[in-house]
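Asks: One file is attached below, start29.txt, containing compact mmCIF, C-alpha atoms (C1' of nucleotides).
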```
# COMPACT_ATOMS: atom_id res chain seq x y z
CA MET A 8 0.00 0.00 0.00
CA THR A 9 1.00 3.56 -0.50
CA GLU A 10 2.30 5.12 2.66
CA GLU A 11 0.97 8.33 4.05
CA LEU A 12 3.41 11.16 3.95
CA LYS A 13 3.62 14.25 6.08
CA ILE A 14 4.24 17.57 4.46
CA GLY A 15 7.97 17.71 5.16
CA ARG A 16 8.57 14.45 3.35
CA VAL A 17 6.46 15.54 0.40
CA ALA A 18 8.38 18.79 0.14
CA ARG A 19 11.73 17.03 0.37
CA GLU A 20 10.86 14.45 -2.26
CA ALA A 21 9.49 17.02 -4.64
CA GLY A 22 12.41 19.35 -4.06
CA VAL A 23 10.48 22.35 -2.85
CA ASN A 24 10.02 24.31 0.31
CA ILE A 25 7.34 23.29 2.82
CA GLN A 26 5.77 26.72 2.50
CA THR A 27 5.49 26.15 -1.20
CA VAL A 28 3.42 23.03 -0.66
CA ARG A 29 1.02 24.96 1.54
CA TYR A 30 1.00 27.79 -0.96
CA TYR A 31 -0.01 25.39 -3.72
CA GLU A 32 -2.80 24.15 -1.51
CA ARG A 33 -4.12 27.70 -1.08
CA ARG A 34 -3.93 28.06 -4.85
CA GLY A 35 -5.97 24.90 -5.28
CA LEU A 36 -3.22 22.88 -6.94
CA VAL A 37 -2.41 20.16 -4.44
CA SER A 38 -4.54 19.03 -1.53
CA PRO A 39 -3.76 16.56 1.22
CA GLU A 40 -5.63 13.25 1.15
CA GLY A 41 -6.74 13.89 4.70
CA TYR A 42 -5.82 15.29 8.08
CA ARG A 43 -4.75 13.84 11.34
CA ASP A 44 -6.59 14.90 14.50
CA SER A 45 -3.76 17.24 15.25
CA GLY A 46 -4.38 19.01 11.96
CA TYR A 47 -1.28 17.52 10.29
CA ARG A 48 -1.77 17.14 6.54
CA LEU A 49 -1.47 13.62 5.12
CA TYR A 50 -0.47 13.02 1.51
CA THR A 51 0.04 10.14 -0.88
CA ASP A 52 2.85 10.12 -3.38
CA GLU A 53 0.48 11.52 -5.97
CA ALA A 54 1.12 14.85 -4.31
CA VAL A 55 4.84 14.49 -4.94
CA ARG A 56 4.20 13.74 -8.59
CA LYS A 57 1.88 16.68 -8.90
CA ILE A 58 4.38 19.08 -7.45
CA ARG A 59 7.08 17.81 -9.77
CA PHE A 60 4.68 18.30 -12.64
CA ILE A 61 4.03 21.85 -11.51
CA LYS A 62 7.73 22.61 -11.37
CA ASN A 63 8.31 21.17 -14.80
CA ALA A 64 5.38 22.98 -16.31
CA GLN A 65 6.63 26.25 -14.89
CA GLU A 66 9.91 25.73 -16.69
CA LEU A 67 7.87 25.55 -19.87
CA GLY A 68 6.34 28.94 -19.27
CA PHE A 69 2.98 27.95 -17.81
CA THR A 70 1.56 29.99 -14.98
CA LEU A 71 0.10 28.41 -11.88
CA ASP A 72 -3.39 29.18 -13.13
CA GLU A 73 -2.75 27.42 -16.40
CA ILE A 74 -1.21 24.51 -14.55
CA ALA A 75 -4.26 24.25 -12.33
CA ARG A 76 -6.39 23.93 -15.43
CA LEU A 77 -4.09 21.27 -16.85
CA LEU A 78 -4.30 19.28 -13.64
CA LYS A 79 -8.06 19.38 -13.69
CA LEU A 80 -8.25 18.02 -17.22
CA ARG A 81 -9.81 14.61 -16.86
CA ILE A 82 -12.96 12.85 -17.87
CA GLY A 83 -15.16 11.75 -15.02
CA ARG A 84 -18.40 9.79 -15.13
CA ARG A 85 -20.38 12.96 -14.81
CA THR A 86 -18.07 15.44 -16.52
CA GLN A 87 -19.14 17.05 -19.76
CA CYS A 88 -16.83 15.40 -22.21
CA GLY A 89 -17.17 18.20 -24.72
CA LYS A 90 -15.81 20.83 -22.39
CA VAL A 91 -12.83 18.71 -21.54
CA ARG A 92 -12.09 18.08 -25.18
CA THR A 93 -12.35 21.75 -26.02
CA GLN A 94 -10.01 22.64 -23.20
CA ALA A 95 -7.59 19.92 -24.16
CA GLN A 96 -7.59 21.04 -27.76
CA SER A 97 -6.85 24.61 -26.89
CA ARG A 98 -4.07 23.54 -24.51
CA LEU A 99 -2.74 21.31 -27.26
CA LYS A 100 -2.45 24.23 -29.67
CA ILE A 101 -0.48 26.19 -27.12
CA VAL A 102 1.82 23.26 -26.49
CA GLN A 103 2.40 22.78 -30.19
CA GLY A 104 3.14 26.46 -30.64
CA LYS A 105 5.77 26.26 -27.95
CA ILE A 106 7.32 23.21 -29.54
CA GLU A 107 7.56 25.05 -32.86
CA ALA A 108 9.18 28.07 -31.28
CA LEU A 109 11.68 25.91 -29.47
CA ARG A 110 12.51 24.08 -32.64
CA GLY A 111 13.35 27.43 -34.18
CA MET A 112 15.74 28.08 -31.34
CA GLU A 113 17.19 24.62 -31.63
CA ARG A 114 17.90 25.12 -35.31
CA VAL A 115 19.62 28.45 -34.72
CA LEU A 116 21.70 27.16 -31.85
CA ASN A 117 22.81 24.19 -33.90
CA ARG A 118 23.80 26.45 -36.74
CA LEU A 119 25.71 28.64 -34.35
CA ILE A 120 27.59 25.69 -32.93
CA HIS A 121 28.61 24.49 -36.36
CA THR A 122 29.38 27.89 -37.82
CA CYS A 123 31.65 28.20 -34.89
CA ALA A 124 33.56 25.07 -35.77
CA ARG A 125 34.41 26.20 -39.31
CA ARG A 126 34.96 29.81 -40.25
CA GLY A 127 34.56 32.83 -38.12
CA THR A 128 31.95 35.40 -37.37
CA THR A 129 28.17 35.36 -37.33
CA ASP A 130 26.05 38.38 -38.02
CA ALA A 131 24.72 40.77 -35.47
CA CYS A 132 22.43 38.64 -33.37
CA PRO A 133 21.83 35.16 -34.74
CA ILE A 134 19.31 34.04 -32.16
CA LEU A 135 16.89 36.67 -33.36
CA GLU A 136 16.25 34.56 -36.42
CA SER A 137 14.36 32.06 -34.39
CA LEU A 138 10.93 32.81 -32.95
CA GLU A 139 10.03 35.14 -35.77
CA GLU A 140 7.88 33.02 -37.97
CA GLY A 141 4.93 34.77 -39.51
CA ARG A 142 5.89 38.41 -39.02
CA ARG A 143 6.95 40.96 -41.59
CA ARG A 144 10.20 39.69 -43.04
CA LYS A 145 12.10 42.76 -44.24
CA MET B 13 17.80 52.72 -45.33
CA THR B 14 16.36 51.71 -42.00
CA GLU B 15 14.53 54.52 -40.36
CA GLU B 16 15.22 55.69 -36.89
CA LEU B 17 12.45 55.02 -34.46
CA LYS B 18 11.60 56.78 -31.26
CA ILE B 19 10.72 54.75 -28.23
CA GLY B 20 6.95 55.03 -28.59
CA ARG B 21 7.00 53.53 -32.04
CA VAL B 22 9.28 50.72 -30.95
CA ALA B 23 6.98 49.92 -28.07
CA ARG B 24 3.88 50.01 -30.25
CA GLU B 25 5.37 47.78 -32.91
CA ALA B 26 6.65 45.28 -30.43
CA GLY B 27 3.41 45.30 -28.50
CA VAL B 28 4.78 46.39 -25.16
CA ASN B 29 4.60 49.36 -22.88
CA ILE B 30 7.11 52.21 -23.23
CA GLN B 31 8.20 51.65 -19.66
CA THR B 32 8.97 48.09 -20.52
CA VAL B 33 11.37 49.16 -23.22
CA ARG B 34 13.22 51.35 -20.74
CA TYR B 35 13.11 48.56 -18.20
CA TYR B 36 14.76 46.21 -20.67
CA GLU B 37 17.42 48.82 -21.25
CA ARG B 38 18.16 48.95 -17.52
CA ARG B 39 18.37 45.17 -17.59
CA GLY B 40 20.88 45.32 -20.43
CA LEU B 41 18.65 43.64 -23.00
CA VAL B 42 17.91 46.34 -25.56
CA SER B 43 19.83 49.56 -26.06
CA PRO B 44 19.09 52.48 -28.35
CA GLU B 45 21.38 52.95 -31.32
CA GLY B 46 21.98 56.52 -30.21
CA TYR B 47 20.49 59.60 -28.67
CA ARG B 48 19.23 62.89 -29.96
CA ASP B 49 20.52 66.10 -28.41
CA SER B 50 17.33 66.30 -26.44
CA GLY B 51 18.10 62.93 -24.89
CA TYR B 52 15.47 61.08 -26.93
CA ARG B 53 16.45 57.47 -27.58
CA LEU B 54 16.77 56.39 -31.20
CA TYR B 55 16.32 52.80 -32.29
CA THR B 56 16.44 50.71 -35.44
CA ASP B 57 13.96 47.95 -36.10
CA GLU B 58 16.41 45.47 -34.62
CA ALA B 59 15.13 46.69 -31.28
CA VAL B 60 11.59 45.73 -32.23
CA ARG B 61 12.74 42.26 -33.23
CA LYS B 62 14.67 41.88 -30.03
CA ILE B 63 11.71 42.79 -27.90
CA ARG B 64 9.49 40.36 -29.74
CA PHE B 65 12.12 37.71 -29.20
CA ILE B 66 12.17 38.50 -25.51
CA LYS B 67 8.41 38.18 -25.25
CA ASN B 68 8.41 34.88 -27.09
CA ALA B 69 11.25 33.49 -25.05
CA GLN B 70 9.44 34.39 -21.86
CA GLU B 71 6.49 32.31 -23.00
CA LEU B 72 8.89 29.42 -23.23
CA GLY B 73 9.92 29.77 -19.62
CA PHE B 74 13.18 31.65 -19.99
CA THR B 75 13.97 34.37 -17.49
CA LEU B 76 15.25 37.77 -18.55
CA ASP B 77 18.73 36.80 -17.42
CA GLU B 78 18.71 33.70 -19.58
CA ILE B 79 17.35 35.73 -22.47
CA ALA B 80 20.11 38.27 -22.06
CA ARG B 81 22.61 35.45 -22.41
CA LEU B 82 20.85 34.14 -25.51
CA LEU B 83 20.94 37.58 -27.09
CA LYS B 84 24.64 37.91 -26.45
CA LEU B 85 25.39 34.60 -28.19
CA ARG B 86 27.28 35.56 -31.31
CA ILE B 87 30.72 35.11 -32.74
CA GLY B 88 32.66 38.30 -33.23
CA ARG B 89 36.10 38.79 -34.73
CA ARG B 90 37.63 38.91 -31.33
CA THR B 91 35.26 36.70 -29.36
CA GLN B 92 36.52 33.41 -28.01
CA CYS B 93 34.74 30.93 -30.22
CA GLY B 94 35.05 28.18 -27.67
CA LYS B 95 33.15 30.01 -25.02
CA VAL B 96 30.33 30.79 -27.38
CA ARG B 97 30.11 27.19 -28.49
CA THR B 98 30.07 25.95 -24.93
CA GLN B 99 27.30 28.37 -24.04
CA ALA B 100 25.34 27.50 -27.15
CA GLN B 101 25.66 23.82 -26.44
CA SER B 102 24.40 24.17 -22.92
CA ARG B 103 21.49 26.34 -24.09
CA LEU B 104 20.77 23.75 -26.75
CA LYS B 105 20.46 21.01 -24.16
CA ILE B 106 17.96 23.09 -22.23
CA VAL B 107 15.96 23.80 -25.35
CA GLN B 108 15.91 20.14 -26.28
CA GLY B 109 14.83 19.18 -22.79
CA LYS B 110 11.91 21.56 -23.05
CA ILE B 111 10.94 20.16 -26.41
CA GLU B 112 10.92 16.66 -24.98
CA ALA B 113 8.77 17.68 -22.05
CA LEU B 114 6.32 19.45 -24.31
CA ARG B 115 6.14 16.42 -26.55
CA GLY B 116 5.13 14.41 -23.50
CA MET B 117 2.33 16.86 -22.85
CA GLU B 118 1.33 16.81 -26.48
CA ARG B 119 1.03 13.04 -26.44
CA VAL B 120 -1.09 13.02 -23.30
CA LEU B 121 -3.38 15.77 -24.55
CA ASN B 122 -3.87 13.97 -27.82
CA ARG B 123 -4.71 10.80 -26.00
CA LEU B 124 -7.17 12.65 -23.83
CA ILE B 125 -8.89 14.20 -26.84
CA HIS B 126 -9.30 10.85 -28.50
CA THR B 127 -10.25 8.90 -25.41
CA CYS B 128 -12.91 11.50 -25.06
CA ALA B 129 -14.31 10.81 -28.49
CA ARG B 130 -14.84 7.09 -27.85
CA ARG B 131 -15.68 5.64 -24.46
CA GLY B 132 -15.82 7.43 -21.14
CA THR B 133 -13.58 8.14 -18.23
CA THR B 134 -9.84 8.61 -17.80
CA ASP B 135 -7.96 7.81 -14.65
CA ALA B 136 -7.24 10.17 -11.83
CA CYS B 137 -5.03 12.79 -13.43
CA PRO B 138 -3.87 11.93 -16.92
CA ILE B 139 -1.65 14.91 -17.46
CA LEU B 140 0.63 13.72 -14.68
CA GLU B 141 1.86 11.02 -16.99
CA SER B 142 3.71 13.56 -19.07
CA LEU B 143 6.80 15.30 -17.74
CA GLU B 144 7.79 12.34 -15.67
CA GLU B 145 10.45 10.70 -17.76
CA GLY B 146 13.33 9.27 -15.81
CA ARG B 147 11.83 9.15 -12.35
CA ARG B 148 10.66 6.15 -10.36
CA ARG B 149 7.82 4.62 -12.34
CA LYS B 150 5.71 2.72 -9.76
C1' DC C 29 8.39 11.42 29.91
C1' DT C 30 11.15 14.47 28.01
C1' DT C 31 13.59 16.59 24.21
C1' DG C 32 14.48 17.48 19.44
C1' DA C 33 12.32 17.34 15.12
C1' DC C 34 8.19 18.22 13.03
C1' DT C 35 3.72 20.67 12.12
C1' DC C 36 0.08 24.24 12.60
C1' DT C 37 -1.72 29.20 11.50
C1' DA C 38 -0.89 33.85 10.61
C1' DT C 39 1.57 37.55 9.04
C1' DA C 40 5.29 39.80 6.83
C1' DC C 41 8.95 40.08 3.58
C1' DT C 42 11.34 39.10 -1.07
C1' DT C 43 12.22 38.73 -6.08
C1' DT C 44 11.01 39.17 -10.80
C1' DG C 45 8.98 41.59 -14.22
C1' DG C 46 6.77 45.05 -15.03
C1' DT C 47 3.25 49.74 -14.68
C1' DA C 48 1.85 54.23 -13.23
C1' DC C 49 2.40 58.75 -11.96
C1' DA C 50 4.53 63.44 -11.44
C1' DC C 51 6.80 66.93 -13.36
C1' DG C 52 9.20 68.98 -16.86
C1' DG C 53 11.37 69.48 -21.56
C1' DT C 54 10.75 68.51 -26.95
C1' DT C 55 8.52 67.88 -31.53
C1' DT C 56 5.42 68.60 -34.93
C1' DA C 57 1.32 69.84 -37.40
C1' DT C 58 -1.55 73.51 -38.14
C1' DA D 1 3.82 80.16 -32.31
C1' DT D 2 1.16 77.18 -29.95
C1' DA D 3 -1.41 73.03 -28.63
C1' DA D 4 -1.32 68.04 -28.84
C1' DA D 5 1.42 64.40 -28.70
C1' DC D 6 6.02 62.73 -27.37
C1' DC D 7 9.93 61.84 -24.47
C1' DG D 8 13.11 62.33 -20.28
C1' DT D 9 14.16 61.06 -15.23
C1' DG D 10 12.70 59.63 -10.82
C1' DT D 11 9.92 57.40 -7.65
C1' DA D 12 6.28 54.62 -6.27
C1' DC D 13 3.30 50.97 -6.85
C1' DC D 14 1.63 46.30 -8.56
C1' DA D 15 0.96 41.03 -9.23
C1' DA D 16 2.83 36.41 -9.23
C1' DA D 17 5.23 33.12 -6.91
C1' DG D 18 7.30 32.17 -3.40
C1' DT D 19 10.18 32.49 1.62
C1' DA D 20 10.76 33.70 6.33
C1' DT D 21 9.50 34.23 11.01
C1' DA D 22 6.80 34.02 15.26
C1' DG D 23 4.41 31.60 18.57
C1' DA D 24 2.17 27.46 19.78
C1' DG D 25 0.95 22.57 19.46
C1' DT D 26 2.39 17.42 18.15
C1' DC D 27 5.23 13.25 17.50
C1' DA D 28 8.52 9.73 18.32
C1' DA D 29 12.98 7.80 20.09
C1' DG D 30 15.68 6.98 23.90
```
The structure in this file should be written as structure tokens.
Replies:
Amino acid sequence: MTEELKIGRVAREAGVNIQTVRYYERRGLVSPEGYRDSGYRLYTDEAVRKIRFIKNAQELGFTLDEIARLLKLRIGRRTQCGKVRTQAQSRLKIVQGKIEALRGMERVLNRLIHTCARRGTTDACPILESLEEGRRRK
Amino acid sequence: MTEELKIGRVAREAGVNIQTVRYYERRGLVSPEGYRDSGYRLYTDEAVRKIRFIKNAQELGFTLDEIARLLKLRIGRRTQCGKVRTQAQSRLKIVQGKIEALRGMERVLNRLIHTCARRGTTDACPILESLEEGRRRK
DNA sequence: CTTGACTCTATACTTTGGTACACGGTTTAT
DNA sequence: ATAAACCGTGTACCAAAGTATAGAGTCAAG
């Protein structure tokens, strides 16, 4: 069976501060499974996974509000499937846009690394050439 | 020839506030090409492109400090090529990591959208299954 | 059965990335 | 030549996402 964890353990395993765990609870992101009589919060390891997810998603430029919406994306017996699909589709577009932008960066960085190996200088600010798809070009 | 732009125009074209442009200058991200006698800043359209880059990069989870480093990545006549390559390589790894994570999200969202179309419910929190590569799996 | 490690709530402070005045000088279009 | 629209510096304020601290209660290992 999955052990019950107290907040300190959860924080340590997820690599965040204890206050952060409580902060996420206030923000509606991660709730304890239950409470002890003393008021101590009790978690399962799902909480640890959630917090790691949050941290990763932040690195990808999502805000806590967006992350909350991502975490709530699931289909229950009673949930309107249509709403979930709509949400998921709009999130998907955002994700795909980010992937595209990052691929632009990847391409430019690769070029920079190789240009470097052979001849000399690059122009003014090579990285600018990424992330500019679909704007006026010249 | 490329016209000279005053700060208001730059801000408008890049879709940010004038104060933001000055803020970026304080942060060492975007500098005017020169000044008028009156003290007015004068820019070229490179500034507009830079600011758009900054905004895009922020959406991808980069901080202003990281973005400053990205913008400085170029090979000059006198620049140590090795240092630039090292930097570029480490940035590249980060970019590729983000792409991988986003692909995980993409996969899960796609699955969710299709699961939705056919039968009913998904498990507890499907999105958690992305962004978890290389940790304990059960 | 005590002592050190842990937890609780509540409040205050911090950092990052901006925004908003206030007050005064400059440009430009009529 | 003058009003509307800009720009300059300086200072203050804001929101998001934490972090820190105080004061008090709880747990668990010897």
Asks: Just the residues within 12 Å of DT19 (chain D), please, counting all atoms listed in the file, with nothing from its chain fewer than 2 positions along; format it as a list in words.
Replies: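 My list of contacting residues is Val23, Asn24, Ile25, Gln26, Thr27, Val28, Arg29 and Tyr30 of chain A; DA40, DC41, DT42 and DT43 of chain C; DA17 and DT21 of chain D.
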Asks: Around the point (6.9, 24.3, -11.6) (coordinates from the file), which residues reach within 12 Å if we count all atoms listed in the file? Answer as a compact mmCIF listing (two decimals) with C-alpha atoms (C1' of nucleotides), in the frame of the given file.
Replies:
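Below you can see part29.txt, which holds the result:
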```
# COMPACT_ATOMS: atom_id res chain seq x y z
CA ALA A 21 9.49 17.02 -4.64
CA GLY A 22 12.41 19.35 -4.06
CA VAL A 23 10.48 22.35 -2.85
CA THR A 27 5.49 26.15 -1.20
CA VAL A 28 3.42 23.03 -0.66
CA TYR A 31 -0.01 25.39 -3.72
CA LEU A 36 -3.22 22.88 -6.94
CA ARG A 56 4.20 13.74 -8.59
CA LYS A 57 1.88 16.68 -8.90
CA ILE A 58 4.38 19.08 -7.45
CA ARG A 59 7.08 17.81 -9.77
CA PHE A 60 4.68 18.30 -12.64
CA ILE A 61 4.03 21.85 -11.51
CA LYS A 62 7.73 22.61 -11.37
CA ASN A 63 8.31 21.17 -14.80
CA ALA A 64 5.38 22.98 -16.31
CA GLN A 65 6.63 26.25 -14.89
CA GLU A 66 9.91 25.73 -16.69
CA LEU A 67 7.87 25.55 -19.87
CA GLY A 68 6.34 28.94 -19.27
CA PHE A 69 2.98 27.95 -17.81
CA THR A 70 1.56 29.99 -14.98
CA LEU A 71 0.10 28.41 -11.88
CA ASP A 72 -3.39 29.18 -13.13
CA GLU A 73 -2.75 27.42 -16.40
CA ILE A 74 -1.21 24.51 -14.55
CA ALA A 75 -4.26 24.25 -12.33
CA GLY B 73 9.92 29.77 -19.62
CA LEU B 143 6.80 15.30 -17.74
C1' DA D 17 5.23 33.12 -6.91
C1' DG D 18 7.30 32.17 -3.40
```
Asks: Excluding Asp49 (chain B) and its own-chain neighbours fewer than 3 positions away, which residues fall within 12 Å of it when counting all atoms listed in the file? Please give them as a ChimeraX atom specification.
Replies: /B:46,52-54 /C:53-54 /D:8
Asks: Counting all atoms listed in the file, which residues of chain B come no farther than 7 Å from chain A, as a VMD selection string?
Replies: chain B and resid 61 to 62 65 68 70 to 73 82 to 83 86 to 89 93 97 100 104 107 110 to 111 114 118 121 125 128 132 to 134 137 to 140 143
Asks: If we count only C-alpha atoms (C1' of nucleotides), which residues of chain B reach to within 9 Å of chain D? Please list them as a list in words.
Replies: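 Written out as asked, the residues are Lys18, Ile19, Gly20, Ser50, Gly51, Tyr52 and Arg53 of chain B.
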Asks: For the residues selected in the previous step, produce a file with C-alpha atoms as a compact mmCIF listing (two decimals), keeping the file's coordinate frame.
Replies:
```txt
# COMPACT_ATOMS: atom_id res chain seq x y z
CA LYS B 18 11.60 56.78 -31.26
CA ILE B 19 10.72 54.75 -28.23
CA GLY B 20 6.95 55.03 -28.59
CA SER B 50 17.33 66.30 -26.44
CA GLY B 51 18.10 62.93 -24.89
CA TYR B 52 15.47 61.08 -26.93
CA ARG B 53 16.45 57.47 -27.58
```
Asks: Would you give me, as a ChimeraX atom specification, the residues of chain C that come within 10 Å of chain B, using all atoms listed in the file?
Replies: /C:44-48,53-54
Asks: Would you work out the distance separating CA of Ala23 (chain B) from CA of Tyr55 (chain B), expressed in Å to one decimal?
Replies: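 Distance between the two atoms: 10.6 Å.
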Asks: When you draw a straight line from CA of Val60 (chain B) to CA of Arg48 (chain B), how long is it in Å?
Replies: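 For CA of Val60 (chain B) relative to CA of Arg48 (chain B), the distance reads 18.9 Å.
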Asks: Just to confirm, what's the straight-line distance from CA of Glu45 (chain B) to CA of Glu25 (chain B) in Å (one decimal)?
Replies: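 CA of Glu25 (chain B) lies 16.9 Å from CA of Glu45 (chain B).
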